[in-house]
$ cat coords.pdb   # PDB, C-alpha atoms
ATOM      1  CA  MET A 300      20.774  31.385  42.329  1.00  0.00           C
ATOM      2  CA  ASN A 301      20.084  35.092  42.798  1.00  0.00           C
ATOM      3  CA  GLU A 302      18.965  35.314  39.168  1.00  0.00           C
ATOM      4  CA  MET A 303      16.441  32.535  39.766  1.00  0.00           C
ATOM      5  CA  LYS A 304      15.088  34.315  42.850  1.00  0.00           C
ATOM      6  CA  GLU A 305      14.729  37.550  40.912  1.00  0.00           C
ATOM      7  CA  TYR A 306      12.982  35.747  38.076  1.00  0.00           C
ATOM      8  CA  LEU A 307      10.512  34.076  40.465  1.00  0.00           C
ATOM      9  CA  LYS A 308       9.789  37.440  42.080  1.00  0.00           C
ATOM     10  CA  LYS A 309       9.044  38.916  38.656  1.00  0.00           C
ATOM     11  CA  LEU A 310       6.861  35.907  37.847  1.00  0.00           C
ATOM     12  CA  LEU A 311       4.809  36.282  41.028  1.00  0.00           C
ATOM     13  CA  LYS A 312       4.400  40.024  40.393  1.00  0.00           C
ATOM     14  CA  GLY A 313       3.126  39.371  36.873  1.00  0.00           C
ATOM     15  CA  GLU A 314       6.112  41.063  35.285  1.00  0.00           C
ATOM     16  CA  VAL A 315       6.966  38.037  33.112  1.00  0.00           C
ATOM     17  CA  SER A 316       5.325  38.159  29.674  1.00  0.00           C
ATOM     18  CA  LEU A 317       1.825  36.685  29.447  1.00  0.00           C
ATOM     19  CA  PHE A 318       2.995  34.356  26.667  1.00  0.00           C
ATOM     20  CA  ILE A 319       5.639  32.735  28.915  1.00  0.00           C
ATOM     21  CA  SER A 320       3.417  32.696  32.002  1.00  0.00           C
ATOM     22  CA  PHE A 321       0.498  31.112  30.181  1.00  0.00           C
ATOM     23  CA  TRP A 322       2.156  28.655  27.795  1.00  0.00           C
ATOM     24  CA  PHE A 323       5.109  27.535  29.906  1.00  0.00           C
ATOM     25  CA  TRP A 324       4.187  27.977  33.567  1.00  0.00           C
ATOM     26  CA  PHE A 325       0.511  27.102  33.142  1.00  0.00           C
ATOM     27  CA  ILE A 326      -0.071  24.915  30.067  1.00  0.00           C
ATOM     28  CA  GLY A 327       3.372  23.276  29.914  1.00  0.00           C
ATOM     29  CA  LEU A 328       3.779  22.622  33.626  1.00  0.00           C
ATOM     30  CA  SER A 329       0.166  21.436  33.962  1.00  0.00           C
ATOM     31  CA  PHE A 330       0.783  18.946  31.143  1.00  0.00           C
ATOM     32  CA  PHE A 331       3.802  17.432  32.892  1.00  0.00           C
ATOM     33  CA  ILE A 332       1.913  17.294  36.191  1.00  0.00           C
ATOM     34  CA  GLU A 333      -0.962  15.471  34.448  1.00  0.00           C
ATOM     35  CA  ILE A 334       1.480  12.942  32.966  1.00  0.00           C
ATOM     36  CA  PHE A 335       2.994  12.390  36.403  1.00  0.00           C
ATOM     37  CA  PHE A 336      -0.422  11.732  37.956  1.00  0.00           C
ATOM     38  CA  GLN A 337      -1.395   9.308  35.183  1.00  0.00           C
ATOM     39  CA  LEU A 338       1.825   7.326  35.652  1.00  0.00           C
ATOM     40  CA  GLU A 339       1.339   7.305  39.416  1.00  0.00           C
ATOM     41  CA  PHE A 340      -2.251   6.049  39.232  1.00  0.00           C
ATOM     42  CA  ASN A 341      -1.409   3.466  36.555  1.00  0.00           C
ATOM     43  CA  GLN A 342       1.182   1.999  38.905  1.00  0.00           C
ATOM     44  CA  ASN A 343      -1.205   2.277  41.890  1.00  0.00           C
ATOM     45  CA  PRO A 344      -4.745   1.774  40.529  1.00  0.00           C
ATOM     46  CA  PHE A 345      -6.302   1.803  43.999  1.00  0.00           C
ATOM     47  CA  ILE A 346      -6.058   5.017  45.984  1.00  0.00           C
ATOM     48  CA  HIS A 347      -4.395   4.494  49.359  1.00  0.00           C
ATOM     49  CA  LYS A 348      -4.914   6.901  52.217  1.00  0.00           C
ATOM     50  CA  ASN A 349      -1.496   8.106  53.268  1.00  0.00           C
ATOM     51  CA  LEU A 350       0.091  11.402  54.234  1.00  0.00           C
ATOM     52  CA  SER A 351       2.373  11.709  51.191  1.00  0.00           C
ATOM     53  CA  GLU A 352      -0.544  11.587  48.735  1.00  0.00           C
ATOM     54  CA  LEU A 353      -2.526  14.119  50.749  1.00  0.00           C
ATOM     55  CA  ILE A 354       0.469  16.483  50.724  1.00  0.00           C
ATOM     56  CA  LEU A 355       0.779  16.015  46.960  1.00  0.00           C
ATOM     57  CA  PHE A 356      -2.881  16.916  46.392  1.00  0.00           C
ATOM     58  CA  PHE A 357      -2.498  19.937  48.661  1.00  0.00           C
ATOM     59  CA  ALA A 358       0.575  21.094  46.707  1.00  0.00           C
ATOM     60  CA  MET A 359      -1.439  20.792  43.480  1.00  0.00           C
ATOM     61  CA  PHE A 360      -4.127  23.074  44.887  1.00  0.00           C
ATOM     62  CA  ILE A 361      -1.534  25.631  46.002  1.00  0.00           C
ATOM     63  CA  TYR A 362      -0.090  25.545  42.469  1.00  0.00           C
ATOM     64  CA  ALA A 363      -3.558  26.203  40.994  1.00  0.00           C
ATOM     65  CA  ILE A 364      -3.975  29.274  43.233  1.00  0.00           C
ATOM     66  CA  LEU A 365      -0.490  30.609  42.462  1.00  0.00           C
ATOM     67  CA  ILE A 366      -0.806  30.146  38.704  1.00  0.00           C
ATOM     68  CA  PHE A 367      -4.217  31.848  38.847  1.00  0.00           C
ATOM     69  CA  MET A 368      -2.680  34.895  40.534  1.00  0.00           C
ATOM     70  CA  ILE A 369       0.317  34.914  38.169  1.00  0.00           C
ATOM     71  CA  ILE A 370      -1.776  34.721  34.995  1.00  0.00           C
ATOM     72  CA  PHE A 371      -4.176  37.421  36.204  1.00  0.00           C
ATOM     73  CA  LYS A 372      -1.314  39.793  37.048  1.00  0.00           C
ATOM     74  CA  SER A 373       0.435  39.097  33.744  1.00  0.00           C
ATOM     75  CA  ALA A 374      -2.840  39.593  31.867  1.00  0.00           C
ATOM     76  CA  ASN A 375      -3.440  42.918  33.633  1.00  0.00           C
ATOM     77  CA  ASN A 376       0.068  44.060  32.671  1.00  0.00           C
ATOM     78  CA  TYR A 377      -0.328  42.814  29.091  1.00  0.00           C
ATOM     79  CA  LYS A 378      -0.278  45.633  26.522  1.00  0.00           C
ATOM     80  CA  GLY A 379      -1.528  43.633  23.563  1.00  0.00           C
ATOM     81  CA  SER A 380      -4.938  42.321  22.532  1.00  0.00           C
ATOM     82  CA  ARG A 381      -7.612  42.496  25.227  1.00  0.00           C
ATOM     83  CA  LEU A 382      -9.167  39.332  23.775  1.00  0.00           C
ATOM     84  CA  TRP A 383      -5.995  37.330  24.454  1.00  0.00           C
ATOM     85  CA  SER A 384      -5.869  38.719  27.998  1.00  0.00           C
ATOM     86  CA  PHE A 385      -9.528  37.796  28.540  1.00  0.00           C
ATOM     87  CA  ILE A 386      -9.030  34.248  27.193  1.00  0.00           C
ATOM     88  CA  ALA A 387      -6.024  33.670  29.478  1.00  0.00           C
ATOM     89  CA  LYS A 388      -7.994  34.844  32.532  1.00  0.00           C
ATOM     90  CA  THR A 389     -10.998  32.703  31.591  1.00  0.00           C
ATOM     91  CA  VAL A 390      -8.969  29.526  31.083  1.00  0.00           C
ATOM     92  CA  VAL A 391      -7.022  29.872  34.329  1.00  0.00           C
ATOM     93  CA  SER A 392     -10.254  30.665  36.222  1.00  0.00           C
ATOM     94  CA  ILE A 393     -11.837  27.451  34.926  1.00  0.00           C
ATOM     95  CA  ASN A 394      -8.711  25.564  35.984  1.00  0.00           C
ATOM     96  CA  LEU A 395      -8.949  26.996  39.511  1.00  0.00           C
ATOM     97  CA  PHE A 396     -12.634  26.047  39.718  1.00  0.00           C
ATOM     98  CA  PHE A 397     -11.920  22.409  38.779  1.00  0.00           C
ATOM     99  CA  SER A 398      -8.927  22.306  41.131  1.00  0.00           C
ATOM    100  CA  LEU A 399     -11.131  23.556  43.971  1.00  0.00           C
ATOM    101  CA  SER A 400     -13.807  20.930  43.195  1.00  0.00           C
ATOM    102  CA  PHE A 401     -11.165  18.193  43.019  1.00  0.00           C
ATOM    103  CA  SER A 402      -9.634  19.349  46.312  1.00  0.00           C
ATOM    104  CA  ILE A 403     -13.023  19.224  48.045  1.00  0.00           C
ATOM    105  CA  ASP A 404     -13.577  15.669  46.744  1.00  0.00           C
ATOM    106  CA  THR A 405     -10.096  14.699  47.908  1.00  0.00           C
ATOM    107  CA  ILE A 406     -10.684  16.062  51.415  1.00  0.00           C
ATOM    108  CA  LYS A 407     -14.008  14.197  51.585  1.00  0.00           C
ATOM    109  CA  PHE A 408     -12.352  11.004  50.374  1.00  0.00           C
ATOM    110  CA  TYR A 409      -9.564  11.143  52.944  1.00  0.00           C
ATOM    111  CA  PHE A 410     -11.584  12.258  55.962  1.00  0.00           C
ATOM    112  CA  LEU A 411     -15.148  11.015  55.349  1.00  0.00           C
ATOM    113  CA  GLU A 412     -15.171   7.227  55.366  1.00  0.00           C
ATOM    114  CA  ASP A 413     -18.668   6.745  53.888  1.00  0.00           C
ATOM    115  CA  TYR A 414     -17.904   9.161  51.057  1.00  0.00           C
ATOM    116  CA  ALA A 415     -14.690   7.293  50.219  1.00  0.00           C
ATOM    117  CA  ILE A 416     -16.484   3.949  50.066  1.00  0.00           C
ATOM    118  CA  GLU A 417     -19.301   5.386  47.943  1.00  0.00           C
ATOM    119  CA  LYS A 418     -16.740   6.901  45.577  1.00  0.00           C
ATOM    120  CA  GLU A 419     -14.941   3.570  45.213  1.00  0.00           C
ATOM    121  CA  ILE A 420     -18.260   1.819  44.539  1.00  0.00           C
ATOM    122  CA  GLU A 421     -19.159   4.360  41.839  1.00  0.00           C
ATOM    123  CA  ASP A 422     -15.805   3.831  40.143  1.00  0.00           C
ATOM    124  CA  PHE A 423     -16.145   0.048  40.426  1.00  0.00           C
ATOM    125  CA  LYS A 424     -19.663   0.089  38.909  1.00  0.00           C
ATOM    126  CA  GLN A 425     -18.249   1.451  35.656  1.00  0.00           C
ATOM    127  CA  ASN A 426     -16.645  -1.954  35.019  1.00  0.00           C
ATOM    128  CA  LEU A 427     -19.818  -3.990  35.555  1.00  0.00           C
ATOM    129  CA  PRO A 428     -20.860  -6.626  34.715  1.00  0.00           C
ATOM    130  CA  ILE A 429     -17.822  -8.650  35.830  1.00  0.00           C
ATOM    131  CA  GLN A 430     -17.374 -12.386  35.337  1.00  0.00           C
ATOM    132  CA  VAL A 431     -16.339 -13.550  38.811  1.00  0.00           C
ATOM    133  CA  ASP A 432     -15.910 -17.218  37.924  1.00  0.00           C
ATOM    134  CA  SER A 433     -17.319 -19.806  35.524  1.00  0.00           C
ATOM    135  CA  VAL A 434     -20.771 -19.805  37.167  1.00  0.00           C
ATOM    136  CA  SER A 435     -21.312 -16.261  38.528  1.00  0.00           C
ATOM    137  CA  VAL A 436     -21.401 -12.680  37.233  1.00  0.00           C
ATOM    138  CA  LEU A 437     -21.471  -9.538  39.383  1.00  0.00           C
ATOM    139  CA  ILE A 438     -24.153  -7.350  37.788  1.00  0.00           C
ATOM    140  CA  ASP A 439     -24.650  -4.560  40.335  1.00  0.00           C
ATOM    141  CA  ILE A 440     -23.246  -3.051  43.517  1.00  0.00           C
ATOM    142  CA  TYR A 441     -24.586  -0.174  45.606  1.00  0.00           C
ATOM    143  CA  LYS A 442     -24.638   1.158  49.158  1.00  0.00           C
ATOM    144  CA  LYS A 443     -27.422   2.192  51.514  1.00  0.00           C
ATOM    145  CA  ASN A 444     -26.446   3.505  54.920  1.00  0.00           C
ATOM    146  CA  LYS A 445     -24.179   0.832  56.452  1.00  0.00           C
ATOM    147  CA  THR A 446     -25.128  -1.949  54.044  1.00  0.00           C
ATOM    148  CA  ILE A 447     -23.349  -2.701  50.757  1.00  0.00           C
ATOM    149  CA  PHE A 448     -25.437  -4.695  48.294  1.00  0.00           C
ATOM    150  CA  TYR A 449     -23.942  -7.068  45.712  1.00  0.00           C
ATOM    151  CA  ASN A 450     -26.168  -8.559  43.004  1.00  0.00           C
ATOM    152  CA  TYR A 451     -24.944 -11.704  41.249  1.00  0.00           C
ATOM    153  CA  GLN A 452     -26.333 -13.876  38.484  1.00  0.00           C
ATOM    154  CA  LEU A 453     -25.670 -17.614  38.659  1.00  0.00           C
ATOM    155  CA  PHE A 454     -25.426 -19.993  35.724  1.00  0.00           C
ATOM    156  CA  ASP A 455     -25.751 -23.783  35.859  1.00  0.00           C
ATOM    157  CA  VAL A 456     -26.000 -23.777  39.644  1.00  0.00           C
ATOM    158  CA  SER A 457     -28.766 -25.676  41.413  1.00  0.00           C
ATOM    159  CA  LEU A 458     -29.767 -24.407  44.859  1.00  0.00           C
ATOM    160  CA  ASN A 459     -33.209 -25.922  45.147  1.00  0.00           C
ATOM    161  CA  ARG A 460     -32.601 -27.827  48.363  1.00  0.00           C
ATOM    162  CA  ASP A 461     -32.147 -26.118  51.723  1.00  0.00           C
ATOM    163  CA  VAL A 462     -29.012 -28.138  52.394  1.00  0.00           C
ATOM    164  CA  ASP A 463     -27.450 -26.796  49.175  1.00  0.00           C
ATOM    165  CA  LYS A 464     -28.401 -23.236  50.066  1.00  0.00           C
ATOM    166  CA  ASN A 465     -26.939 -23.577  53.565  1.00  0.00           C
ATOM    167  CA  ARG A 466     -23.704 -25.010  52.184  1.00  0.00           C
ATOM    168  CA  PHE A 467     -23.469 -22.233  49.609  1.00  0.00           C
ATOM    169  CA  LYS A 468     -24.153 -19.582  52.257  1.00  0.00           C
ATOM    170  CA  LYS A 469     -21.441 -21.001  54.489  1.00  0.00           C
ATOM    171  CA  GLN A 470     -18.924 -20.951  51.634  1.00  0.00           C
ATOM    172  CA  ILE A 471     -19.675 -17.319  50.825  1.00  0.00           C
ATOM    173  CA  GLN A 472     -19.482 -16.149  54.431  1.00  0.00           C
ATOM    174  CA  ASN A 473     -16.245 -18.055  55.034  1.00  0.00           C
ATOM    175  CA  SER A 474     -14.648 -16.448  51.973  1.00  0.00           C
ATOM    176  CA  LEU A 475     -15.726 -12.970  53.147  1.00  0.00           C
ATOM    177  CA  CYS A 476     -14.372 -13.604  56.643  1.00  0.00           C
ATOM    178  CA  GLU A 477     -11.003 -14.579  55.148  1.00  0.00           C
ATOM    179  CA  ASP A 478     -10.733 -11.725  52.630  1.00  0.00           C
ATOM    180  CA  GLU A 479      -8.780  -8.713  53.896  1.00  0.00           C
ATOM    181  CA  SER A 480     -10.811  -6.040  52.060  1.00  0.00           C
ATOM    182  CA  SER A 481     -14.130  -7.561  53.175  1.00  0.00           C
ATOM    183  CA  LEU A 482     -12.863  -7.873  56.738  1.00  0.00           C
ATOM    184  CA  ASP A 483     -11.933  -4.201  56.743  1.00  0.00           C
ATOM    185  CA  LEU A 484     -15.542  -3.306  55.936  1.00  0.00           C
ATOM    186  CA  LEU A 485     -16.999  -5.759  58.442  1.00  0.00           C
ATOM    187  CA  LYS A 486     -14.814  -4.390  61.233  1.00  0.00           C
ATOM    188  CA  LYS A 487     -16.293  -0.957  60.530  1.00  0.00           C
ATOM    189  CA  ASP A 488     -19.773  -2.404  61.161  1.00  0.00           C
ATOM    190  CA  TYR A 489     -20.785  -2.630  57.523  1.00  0.00           C
ATOM    191  CA  ILE A 490     -23.131  -5.396  56.410  1.00  0.00           C
ATOM    192  CA  LEU A 491     -22.395  -7.174  53.123  1.00  0.00           C
ATOM    193  CA  ASP A 492     -25.618  -8.222  51.410  1.00  0.00           C
ATOM    194  CA  TYR A 493     -25.226 -10.751  48.582  1.00  0.00           C
ATOM    195  CA  GLU A 494     -28.247 -11.470  46.395  1.00  0.00           C
ATOM    196  CA  TYR A 495     -28.145 -14.180  43.733  1.00  0.00           C
ATOM    197  CA  ILE A 496     -30.498 -14.652  40.797  1.00  0.00           C
ATOM    198  CA  ASN A 497     -30.599 -17.437  38.214  1.00  0.00           C
ATOM    199  CA  GLU A 498     -30.567 -17.391  34.416  1.00  0.00           C
ATOM    200  CA  LYS A 499     -34.255 -16.442  34.420  1.00  0.00           C
ATOM    201  CA  GLU A 500     -33.488 -13.501  36.743  1.00  0.00           C
ATOM    202  CA  GLU A 501     -35.403 -15.175  39.569  1.00  0.00           C
ATOM    203  CA  LYS A 502     -34.133 -14.675  43.110  1.00  0.00           C
ATOM    204  CA  VAL A 503     -32.272 -17.750  44.341  1.00  0.00           C
ATOM    205  CA  ILE A 504     -30.776 -16.779  47.692  1.00  0.00           C
ATOM    206  CA  ASN A 505     -29.899 -13.743  49.773  1.00  0.00           C
ATOM    207  CA  ILE A 506     -26.873 -13.825  52.079  1.00  0.00           C
ATOM    208  CA  GLN A 507     -26.177 -11.128  54.666  1.00  0.00           C
ATOM    209  CA  THR A 508     -22.825 -11.100  56.422  1.00  0.00           C
ATOM    210  CA  SER A 509     -21.824  -9.003  59.416  1.00  0.00           C
ATOM    211  CA  LYS A 510     -18.777  -9.195  61.655  1.00  0.00           C
ATOM    212  CA  GLU A 511     -20.768 -11.385  64.062  1.00  0.00           C
ATOM    213  CA  ASN A 512     -20.911 -14.093  61.378  1.00  0.00           C
ATOM    214  CA  CYS A 513     -17.120 -14.245  61.362  1.00  0.00           C
ATOM    215  CA  GLY A 514     -16.840 -14.777  65.111  1.00  0.00           C
ATOM    216  CA  LYS A 515     -13.852 -13.759  67.216  1.00  0.00           C
ATOM    217  CA  SER A 516     -11.457 -14.855  64.482  1.00  0.00           C
ATOM    218  CA  ILE A 517     -12.239 -11.637  62.565  1.00  0.00           C
ATOM    219  CA  TYR A 518      -9.210  -9.994  64.198  1.00  0.00           C
ATOM    220  CA  ASP A 519      -6.848 -12.952  63.765  1.00  0.00           C
ATOM    221  CA  LEU A 520      -5.461 -11.716  60.439  1.00  0.00           C
ATOM    222  CA  GLU A 521      -4.818  -8.267  61.882  1.00  0.00           C
ATOM    223  CA  ILE A 522      -2.967  -9.767  64.855  1.00  0.00           C
ATOM    224  CA  LEU A 523      -0.946 -12.010  62.531  1.00  0.00           C
ATOM    225  CA  ASN A 524       0.106  -9.040  60.398  1.00  0.00           C
ATOM    226  CA  GLU A 525       1.246  -7.138  63.502  1.00  0.00           C
ATOM    227  CA  VAL A 526       3.315 -10.131  64.621  1.00  0.00           C
ATOM    228  CA  LEU A 527       4.936 -10.463  61.184  1.00  0.00           C
ATOM    229  CA  GLN A 528       5.737  -6.731  61.074  1.00  0.00           C
ATOM    230  CA  LYS A 529       7.425  -6.945  64.479  1.00  0.00           C
ATOM    231  CA  GLN A 530       9.463  -9.944  63.347  1.00  0.00           C
ATOM    232  CA  GLU A 531      10.629  -8.066  60.245  1.00  0.00           C
ATOM    233  CA  MET A 532      11.810  -5.162  62.407  1.00  0.00           C
ATOM    234  CA  LEU A 533      13.952  -7.474  64.582  1.00  0.00           C
TER     235      LEU A 533
END
$ encode --input "coords.pdb" --output "structure tokens"
Amino acid sequence: MNEMKEYLKKLLKGEVSLFISFWFWFIGLSFFIEIFFQLEFNQNPFIHKNLSELILFFAMFIYAILIFMIIFKSANNYKGSRLWSFIAKTVVSINLFFSLSFSIDTIKFYFLEDYAIEKEIEDFKQNLPIQVDSVSVLIDIYKKNKTIFYNYQLFDVSLNRDVDKNRFKKQIQNSLCEDESSLDLLKKDYILDYEYINEKEEKVINIQTSKENCGKSIYDLEILNEVLQKQEML
């Protein structure tokens, strides 16, 4: 135990060889951390805001600062080629820069709601177009202020009559008012704007949904979940 403490002290002072500091403590450890993150995100493809993940990101940033200091001290103490010392400093400096940028994005994502939603939309757009069902394709999604716009293309769907359009609108709004992720946005006063075009790319119908369209029942699912959680605790 004492030997480990002494070794860590030497490491922090830059007294461990640059070869070990760079290839093991920086490159090797960073590789294993990257593998861990990839496995974690593959198991949880959607980022969830919770304290444990925020602590993990913070620990990663602290590691980037520490390894930066360690490599710089080891490089300054290095007696060999100045080129190798310069390369080690350059690489670890770039790593710190990207870690700082990532940390800023993470802080924005966790504490700025609009930024988090915009980030999720940007990531989602990379998978477009998406076949939603046999007659509709999501071709675009974007956000302006408190409105999120969804553009769909319909195939083999006739909405020429007003009665058909009203029925279709009601179906869409009912599905949004029953979907948990949509409800979460509506409760935060976002407006969901759905625009549909036909095969000829002509506008067919535009449907805007706010929390008022869902009525008082918008909080029913939330109340139900609270009741179920309390029952599980009993």
$ resolve_selection --input "coords.pdb" --expression "the PyMOL selection byres ((chain A and resi 434) around 6)" --output "list of chain:residue names"
A:Asp432, A:Ser433, A:Ser435, A:Leu453, A:Phe454
$ write_last_selection --input "coords.pdb" --atoms "C-alpha atoms" --output "CSV table (one decimal), in the coordinates of the input"
chain,number,residue,atom,x,y,z
A,432,ASP,CA,-15.9,-17.2,37.9
A,433,SER,CA,-17.3,-19.8,35.5
A,435,SER,CA,-21.3,-16.3,38.5
A,453,LEU,CA,-25.7,-17.6,38.7
A,454,PHE,CA,-25.4,-20.0,35.7
$ resolve_selection --input "coords.pdb" --expression "the PyMOL selection byres ((chain A and resi 478-492) around 8)" --output "count of residues only"
19
$ atom_distance --input "coords.pdb" --atom1 "atom CA of Val431 of chain A" --atom2 "atom CA of Asn450 of chain A"
11.8 Å
$ closest_residue --input "coords.pdb" --among "A:Glu417, A:Ile504, A:Ile361, A:Ser384" --to "Lys443 of chain A" --atoms "all atoms listed in the file"
A:Glu417
$ residues_around --input "coords.pdb" --residues "Gln452 of chain A" --least-positions-apart "5" --cutoff "7 Å" --atoms "only C-alpha atoms" --output "ChimeraX atom specification"
/A:435-438,495-498
$ closest_residue --input "coords.pdb" --among "A:Asn301, A:Thr405, A:Ser400, A:Ser316" --to "Lys418 of chain A" --atoms "only C-alpha atoms"
A:Thr405
$ residues_around --input "coords.pdb" --residues "Ile406 of chain A" --least-positions-apart "6" --cutoff "12 Å" --atoms "all atoms listed in the file" --output "MDAnalysis selection string"
chainID A and resid 348 352:354 356:357 360 399:400 412 414:415
$ write_last_selection --input "coords.pdb" --atoms "C-alpha atoms" --output "PDB file, in the coordinates of the input"
ATOM      1  CA  LYS A 348      -4.914   6.901  52.217  1.00  0.00           C
ATOM      2  CA  GLU A 352      -0.544  11.587  48.735  1.00  0.00           C
ATOM      3  CA  LEU A 353      -2.526  14.119  50.749  1.00  0.00           C
ATOM      4  CA  ILE A 354       0.469  16.483  50.724  1.00  0.00           C
ATOM      5  CA  PHE A 356      -2.881  16.916  46.392  1.00  0.00           C
ATOM      6  CA  PHE A 357      -2.498  19.937  48.661  1.00  0.00           C
ATOM      7  CA  PHE A 360      -4.127  23.074  44.887  1.00  0.00           C
ATOM      8  CA  LEU A 399     -11.131  23.556  43.971  1.00  0.00           C
ATOM      9  CA  SER A 400     -13.807  20.930  43.195  1.00  0.00           C
ATOM     10  CA  GLU A 412     -15.171   7.227  55.366  1.00  0.00           C
ATOM     11  CA  TYR A 414     -17.904   9.161  51.057  1.00  0.00           C
ATOM     12  CA  ALA A 415     -14.690   7.293  50.219  1.00  0.00           C
TER      13      ALA A 415
END
$ atom_distance --input "coords.pdb" --atom1 "atom CA of Ser320 of chain A" --atom2 "atom CA of Gly379 of chain A"
14.7 Å
$ closest_residue --input "coords.pdb" --among "A:Leu328, A:Leu307, A:Leu382, A:Val456" --to "Met359 of chain A" --atoms "all atoms listed in the file"
A:Leu328
$ resolve_selection --input "coords.pdb" --expression "the PyMOL selection byres ((chain A and resi 310) around 10)" --output "MDAnalysis selection string"
chainID A and resid 304:309 311:317 319:320 324 366 368:370 372:373
$ atom_distance --input "coords.pdb" --atom1 "atom CA of Tyr441 of chain A" --atom2 "atom CA of Glu421 of chain A"
8.0 Å
$ closest_residue --input "coords.pdb" --among "A:Phe423, A:Phe325, A:Phe467, A:Phe335" --to "Val390 of chain A" --atoms "all atoms listed in the file"
A:Phe325
